[in-house]
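Peer 1: Okay, here's the structure, questions in a sec.
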Amino acid sequence: MRIEIVKRPQHSALFSALSPFIALFLTLIAGAILFSMLGKNPISALYSYFVEPLTEVWSIHELLVKAAPLILIAVGLSVCFLSNNWNIGAEGQFIAGGIAGSILPVVFPDFQGWYVLPIMLLLAMAGGMAYATVPAFLKVRFNTNEILTSLMLVYVAQLFLDWLVRGPWRNPQGYNFPETVQFSDSAILPAIWPDSGRAHWGFAIALIAAVLVWFMLSRTLNGFEIKVLGRSSRAGKFAGFSAGRLTFFAFLVSGALAGLAGIAEVSGAVGQLRTSISPGYGFTAIIVAFLGRLNPLGIIAAGLVLALSYLGGEAAQISLGISEKSARIFQGIILFFVLASDSLIYYRIRIVPRLSDTAYRAR
């Protein structure tokens with residue numbers, strides 16, 4: 001008896017729907033095994049990881065704070081991935097948006113008013129778009145691999161942020177700590193329910209962006225163009241669609257939303273620029289995009305799940321005494337099982353009785 005993997009004649013609608021749930025189920029099993037190897041009770045560990053963070057109102061707020069940038073970035077990435085453009089540099093575009101959006105409160109702190117925050121959001125989107133234009137231009141003009149260029153630009157953005165905060169933008173009254181001045185009240189993204197926690201309007205912006213991108217993908221010509229060229233560039237050329245123009249469009253949308261996530265995090269959750277403004281949201285958002293099936297509405301649920309993994313990791317470190325690396329391994333496990341489970345959409349497993357050697361040669 002042997003096991004064969006056979007390509008399906010058509011994609012499986014059943015496994016398209018079940019794949020994320022299978023991935024999460026397998027992640028729980030793998031997590032239980034992992035905690036057992038660490039000498040922890042797997043039931044108590046999984047409770048601390050996935051349930052305990054949801055038992056307090058303040059932790060619900062923290063869940064929304066962490067979900068907002070993940071959803072915003074992942075929605076933008078879904079546009080790139082659906083169009084067959086592999087933008088792996090959303091982390092850099094996130095940082096670029098945070099820097100560009102911080103120009104007003106850092107360089108012009110006396111410039112205050114109700115109009116400051118909208119200008120900051122627009123500057124952040126422009127910064128993210130400008131940074132995303134670089135790998136798009138290199139791909140269209142020189143056929144450069146966008147995975148490498150977008151990824152390498154992440155390190156450029158991180159080092160530039162570090163230089164800014166330690167150098168020209170450092171707070172002169174900050175006792176030499178690497179951080180900028182605190183943003184004024186007019187530059188702070190307000191909290192949704194200030195009396196019960198610090199969840200800010202960045203989460204509402206993320207929901208609006210997800211709905212708008214879903215509408216664009218499912219109801220407009222641009223969305224149809226993205227899907228056609230993403231599945232078959234040859235078919236797109238026959239339809240008269242421009243692959244180069246689509247590449248720029250996808251990267252600009254992705255960069256704008258990543259930049260918006262950057263300033264939402266800086267203005268809503270931190271209140272100033274620091275040497276590090278992200279725990280890796282741009283990379284985690286890749287998992288969110290695929291866990292949400294590259295559907296902006298599914299990404300909302302996936303973003304909440306991955307945000308829970310951040311909170312659960314922090315709770316598990318405190319209650320179980322495990323390391324940060326052990327806690328964060330869940331995110332990698334989820335991505336692995338998501339991609340593995342997706343193979344069931346395109347392939348099926350067939351068990352074939354083993355033939356005798358003579359019959360096998362005759363075959």
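Going by the structure tokens order, chains are called A, B, ..., each with residues numbered from 1, while ligands are numbered from 1 in the order shown.
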Got a sec to tell me which of region 141-304 of chain A DSSP assigns to strand (DSSP E or B), as an MDAnalysis selection string?
Peer 2: chainID A and resid 179 191 200 274
Peer 1: Using only C-alpha atoms, I'd like a table of the residues in region 249-290 of chain A that come within 12 Å of region 150-163 of chain A; for each, show the closest atom pair and its distance in Å rounded to one decimal, ordered by chain and ascending number, as a Markdown table.
Peer 2:
```
| residue | atom | partner | partner_atom | distance |
| --- | --- | --- | --- | --- |
| A:Phe251 | CA | A:Ser150 | CA | 10.2 |
| A:Ser254 | CA | A:Ser150 | CA | 11.9 |
| A:Gly255 | CA | A:Ser150 | CA | 10.8 |
| A:Leu273 | CA | A:Leu161 | CA | 8.5 |
| A:Arg274 | CA | A:Asp162 | CA | 7.7 |
| A:Thr275 | CA | A:Asp162 | CA | 4.7 |
| A:Ser276 | CA | A:Asp162 | CA | 7.5 |
| A:Ile277 | CA | A:Leu161 | CA | 9.2 |
| A:Ser278 | CA | A:Gln158 | CA | 9.9 |
| A:Pro279 | CA | A:Gln158 | CA | 11.8 |
| A:Gly280 | CA | A:Val154 | CA | 10.7 |
| A:Gly282 | CA | A:Val154 | CA | 9.4 |
| A:Phe283 | CA | A:Leu151 | CA | 9.9 |
```
Peer 1: Go ahead and write the selection's residues with all heavy atoms as a PDB file, in the first residue's frame.
Peer 2:
```pdb
ATOM      1  N   PHE A 251       1.097  47.591  -5.247  1.00  0.00           N
ATOM      2  CA  PHE A 251       2.088  48.033  -4.271  1.00  0.00           C
ATOM      3  C   PHE A 251       1.678  49.351  -3.621  1.00  0.00           C
ATOM      4  O   PHE A 251       1.925  49.571  -2.426  1.00  0.00           O
ATOM      5  CB  PHE A 251       3.462  48.170  -4.931  1.00  0.00           C
ATOM      6  CG  PHE A 251       4.286  46.920  -4.864  1.00  0.00           C
ATOM      7  CD1 PHE A 251       4.265  46.005  -5.902  1.00  0.00           C
ATOM      8  CD2 PHE A 251       5.081  46.659  -3.763  1.00  0.00           C
ATOM      9  CE1 PHE A 251       5.034  44.850  -5.846  1.00  0.00           C
ATOM     10  CE2 PHE A 251       5.856  45.512  -3.699  1.00  0.00           C
ATOM     11  CZ  PHE A 251       5.833  44.600  -4.746  1.00  0.00           C
ATOM     12  N   SER A 254      -1.041  48.543  -1.058  1.00  0.00           N
ATOM     13  CA  SER A 254      -0.419  47.860   0.073  1.00  0.00           C
ATOM     14  C   SER A 254       0.427  48.819   0.903  1.00  0.00           C
ATOM     15  O   SER A 254       0.355  48.818   2.143  1.00  0.00           O
ATOM     16  CB  SER A 254       0.440  46.703  -0.445  1.00  0.00           C
ATOM     17  OG  SER A 254       0.984  45.965   0.624  1.00  0.00           O
ATOM     18  N   GLY A 255       1.217  49.658   0.238  1.00  0.00           N
ATOM     19  CA  GLY A 255       2.052  50.611   0.960  1.00  0.00           C
ATOM     20  C   GLY A 255       1.235  51.646   1.712  1.00  0.00           C
ATOM     21  O   GLY A 255       1.578  52.026   2.841  1.00  0.00           O
ATOM     22  N   LEU A 273       7.684  58.559  18.526  1.00  0.00           N
ATOM     23  CA  LEU A 273       8.528  57.641  17.755  1.00  0.00           C
ATOM     24  C   LEU A 273       9.630  57.103  18.655  1.00  0.00           C
ATOM     25  O   LEU A 273      10.232  57.840  19.441  1.00  0.00           O
ATOM     26  CB  LEU A 273       9.159  58.368  16.569  1.00  0.00           C
ATOM     27  CG  LEU A 273       8.441  58.306  15.216  1.00  0.00           C
ATOM     28  CD1 LEU A 273       9.280  59.025  14.175  1.00  0.00           C
ATOM     29  CD2 LEU A 273       8.162  56.883  14.787  1.00  0.00           C
ATOM     30  N   ARG A 274       9.888  55.798  18.526  1.00  0.00           N
ATOM     31  CA  ARG A 274      10.978  55.153  19.245  1.00  0.00           C
ATOM     32  C   ARG A 274      11.818  54.367  18.254  1.00  0.00           C
ATOM     33  O   ARG A 274      11.483  54.264  17.080  1.00  0.00           O
ATOM     34  CB  ARG A 274      10.424  54.242  20.335  1.00  0.00           C
ATOM     35  CG  ARG A 274       9.612  54.992  21.395  1.00  0.00           C
ATOM     36  CD  ARG A 274       8.950  54.043  22.368  1.00  0.00           C
ATOM     37  NE  ARG A 274       8.147  54.764  23.362  1.00  0.00           N
ATOM     38  CZ  ARG A 274       7.310  54.170  24.218  1.00  0.00           C
ATOM     39  NH1 ARG A 274       7.172  52.845  24.186  1.00  0.00           N
ATOM     40  NH2 ARG A 274       6.628  54.894  25.074  1.00  0.00           N
ATOM     41  N   THR A 275      12.916  53.807  18.729  1.00  0.00           N
ATOM     42  CA  THR A 275      13.796  53.061  17.833  1.00  0.00           C
ATOM     43  C   THR A 275      13.098  51.844  17.238  1.00  0.00           C
ATOM     44  O   THR A 275      13.448  51.392  16.150  1.00  0.00           O
ATOM     45  CB  THR A 275      15.056  52.599  18.573  1.00  0.00           C
ATOM     46  OG1 THR A 275      14.672  51.860  19.751  1.00  0.00           O
ATOM     47  CG2 THR A 275      15.902  53.791  18.990  1.00  0.00           C
ATOM     48  N   SER A 276      12.111  51.311  17.943  1.00  0.00           N
ATOM     49  CA  SER A 276      11.348  50.178  17.425  1.00  0.00           C
ATOM     50  C   SER A 276       9.872  50.462  17.669  1.00  0.00           C
ATOM     51  O   SER A 276       9.454  50.677  18.810  1.00  0.00           O
ATOM     52  CB  SER A 276      11.757  48.878  18.123  1.00  0.00           C
ATOM     53  OG  SER A 276      10.965  47.799  17.661  1.00  0.00           O
ATOM     54  N   ILE A 277       9.086  50.477  16.604  1.00  0.00           N
ATOM     55  CA  ILE A 277       7.657  50.763  16.743  1.00  0.00           C
ATOM     56  C   ILE A 277       6.802  49.555  16.377  1.00  0.00           C
ATOM     57  O   ILE A 277       5.583  49.635  16.396  1.00  0.00           O
ATOM     58  CB  ILE A 277       7.242  51.966  15.875  1.00  0.00           C
ATOM     59  CG1 ILE A 277       7.558  51.702  14.393  1.00  0.00           C
ATOM     60  CG2 ILE A 277       7.923  53.233  16.362  1.00  0.00           C
ATOM     61  CD1 ILE A 277       7.071  52.809  13.472  1.00  0.00           C
ATOM     62  N   SER A 278       7.454  48.445  16.066  1.00  0.00           N
ATOM     63  CA  SER A 278       6.707  47.259  15.641  1.00  0.00           C
ATOM     64  C   SER A 278       7.376  46.003  16.172  1.00  0.00           C
ATOM     65  O   SER A 278       8.601  45.854  16.054  1.00  0.00           O
ATOM     66  CB  SER A 278       6.624  47.195  14.114  1.00  0.00           C
ATOM     67  OG  SER A 278       6.143  45.930  13.683  1.00  0.00           O
ATOM     68  N   PRO A 279       6.599  45.078  16.723  1.00  0.00           N
ATOM     69  CA  PRO A 279       7.168  43.776  17.126  1.00  0.00           C
ATOM     70  C   PRO A 279       7.224  42.779  15.972  1.00  0.00           C
ATOM     71  O   PRO A 279       7.362  41.578  16.189  1.00  0.00           O
ATOM     72  CB  PRO A 279       6.182  43.319  18.207  1.00  0.00           C
ATOM     73  CG  PRO A 279       4.872  43.899  17.798  1.00  0.00           C
ATOM     74  CD  PRO A 279       5.198  45.235  17.146  1.00  0.00           C
ATOM     75  N   GLY A 280       7.085  43.292  14.750  1.00  0.00           N
ATOM     76  CA  GLY A 280       7.080  42.412  13.584  1.00  0.00           C
ATOM     77  C   GLY A 280       5.728  42.301  12.924  1.00  0.00           C
ATOM     78  O   GLY A 280       5.424  41.302  12.258  1.00  0.00           O
ATOM     79  N   GLY A 282       4.560  43.662  10.277  1.00  0.00           N
ATOM     80  CA  GLY A 282       4.591  43.528   8.828  1.00  0.00           C
ATOM     81  C   GLY A 282       4.799  42.099   8.367  1.00  0.00           C
ATOM     82  O   GLY A 282       4.284  41.698   7.318  1.00  0.00           O
ATOM     83  N   PHE A 283       5.544  41.316   9.142  1.00  0.00           N
ATOM     84  CA  PHE A 283       5.774  39.915   8.792  1.00  0.00           C
ATOM     85  C   PHE A 283       4.615  39.033   9.270  1.00  0.00           C
ATOM     86  O   PHE A 283       4.182  38.118   8.567  1.00  0.00           O
ATOM     87  CB  PHE A 283       7.101  39.435   9.383  1.00  0.00           C
ATOM     88  CG  PHE A 283       8.287  40.174   8.846  1.00  0.00           C
ATOM     89  CD1 PHE A 283       9.051  40.990   9.670  1.00  0.00           C
ATOM     90  CD2 PHE A 283       8.643  40.074   7.512  1.00  0.00           C
ATOM     91  CE1 PHE A 283      10.147  41.670   9.177  1.00  0.00           C
ATOM     92  CE2 PHE A 283       9.744  40.758   7.003  1.00  0.00           C
ATOM     93  CZ  PHE A 283      10.488  41.562   7.835  1.00  0.00           C
TER      94      PHE A 283
END
```
Peer 1: Contacts of Ala124 (chain A) at 7 Å or less, counting only C-alpha atoms, minus same-chain residues fewer than 3 places along, as a compact mmCIF listing (two decimals) with N, CA and C atoms, in the first residue's frame?
Peer 2:
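Produced file selection.txt, reproduced below:
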```
# COMPACT_ATOMS: atom_id res chain seq x y z
N GLY A 97 5.66 54.81 6.94
CA GLY A 97 4.43 55.54 7.24
C GLY A 97 4.47 56.17 8.62
N GLY A 98 5.03 55.43 9.59
CA GLY A 98 5.15 55.99 10.94
C GLY A 98 6.05 57.20 10.98
N ALA A 100 6.86 59.25 8.28
CA ALA A 100 6.27 60.36 7.52
C ALA A 100 5.12 61.00 8.27
N GLY A 101 4.30 60.19 8.92
CA GLY A 101 3.17 60.73 9.66
C GLY A 101 3.57 61.49 10.91
N MET A 120 -1.62 64.06 9.28
CA MET A 120 -0.70 62.99 9.65
C MET A 120 -1.05 61.67 8.96
N LEU A 121 -2.34 61.37 8.91
CA LEU A 121 -2.78 60.12 8.27
C LEU A 121 -2.44 60.15 6.77
N GLY A 127 3.86 58.27 2.67
CA GLY A 127 5.16 57.69 2.98
C GLY A 127 5.21 56.20 2.68
N GLY A 128 4.16 55.48 3.07
CA GLY A 128 4.11 54.06 2.78
C GLY A 128 4.05 53.78 1.30
N GLY A 259 1.45 52.06 5.67
CA GLY A 259 1.81 53.35 6.24
C GLY A 259 0.76 53.86 7.20
N LEU A 260 -0.50 53.66 6.84
CA LEU A 260 -1.59 54.06 7.73
C LEU A 260 -1.54 53.28 9.04
N ILE A 263 1.31 54.88 11.32
CA ILE A 263 0.99 56.08 12.10
C ILE A 263 -0.11 55.80 13.12
```
Peer 1: Taking only C-alpha atoms into account, which of A:Phe142, A:Phe94, A:Phe224, A:Phe15 comes nearest Tyr281 (chain A)?
Peer 2: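 That would be A:Phe94, the residue with the smallest distance to Tyr281 (chain A).
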Peer 1: I need the residue nearest Ile208 (chain A) from this list: A:Gln10, A:Phe249, A:Lys139, A:Leu257. Use only C-alpha atoms for the distance.
Peer 2: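 Once distances to Ile208 (chain A) are computed over only C-alpha atoms, the minimum belongs to A:Leu257.
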Peer 1: For Glu56 (chain A), which residue among A:Ala30, A:Leu311, A:Leu189, A:Ala289 is the nearest when counting only C-alpha atoms?
Peer 2: A:Leu311
Peer 1: Please compute the CA of Ala261 (chain A)-CA of Leu217 (chain A) distance, one decimal, in Å.
Peer 2: 20.4 Å
Peer 1: Set the distance at 7 Å and use only C-alpha atoms: which residues neighbour region 334-351 of chain A once local chain neighbours fewer than 3 positions away are removed? I'd like the list as a list in words.
Peer 2: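 Selected residues are Met1, Arg2, Ile3, Glu4, Ile5, Val6, Lys7, Arg8, His11, Ser12, Phe15, Ser16, Ser19, Pro20, Ile22, Ala23, Leu24, Leu26, Thr27, Ile287, Leu291, Phe330 and Gln331 of chain A.
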Peer 1: Just checking: using only C-alpha atoms, which residue out of A:Ala191, A:Ile286, A:Ser83, A:Ser326 ends up closest to Ser242 (chain A)?
Peer 2: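 Selected residue with least distance to Ser242 (chain A): A:Ser83.
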Peer 1: Enumerate as a ChimeraX atom specification all residues of region 158-270 of chain A assigned to alpha helix (DSSP H) by DSSP on the backbone, naming them with the chain letters and numbers the document uses.
Peer 2: /A:158-166,202-219,221-231,233-238,243-264
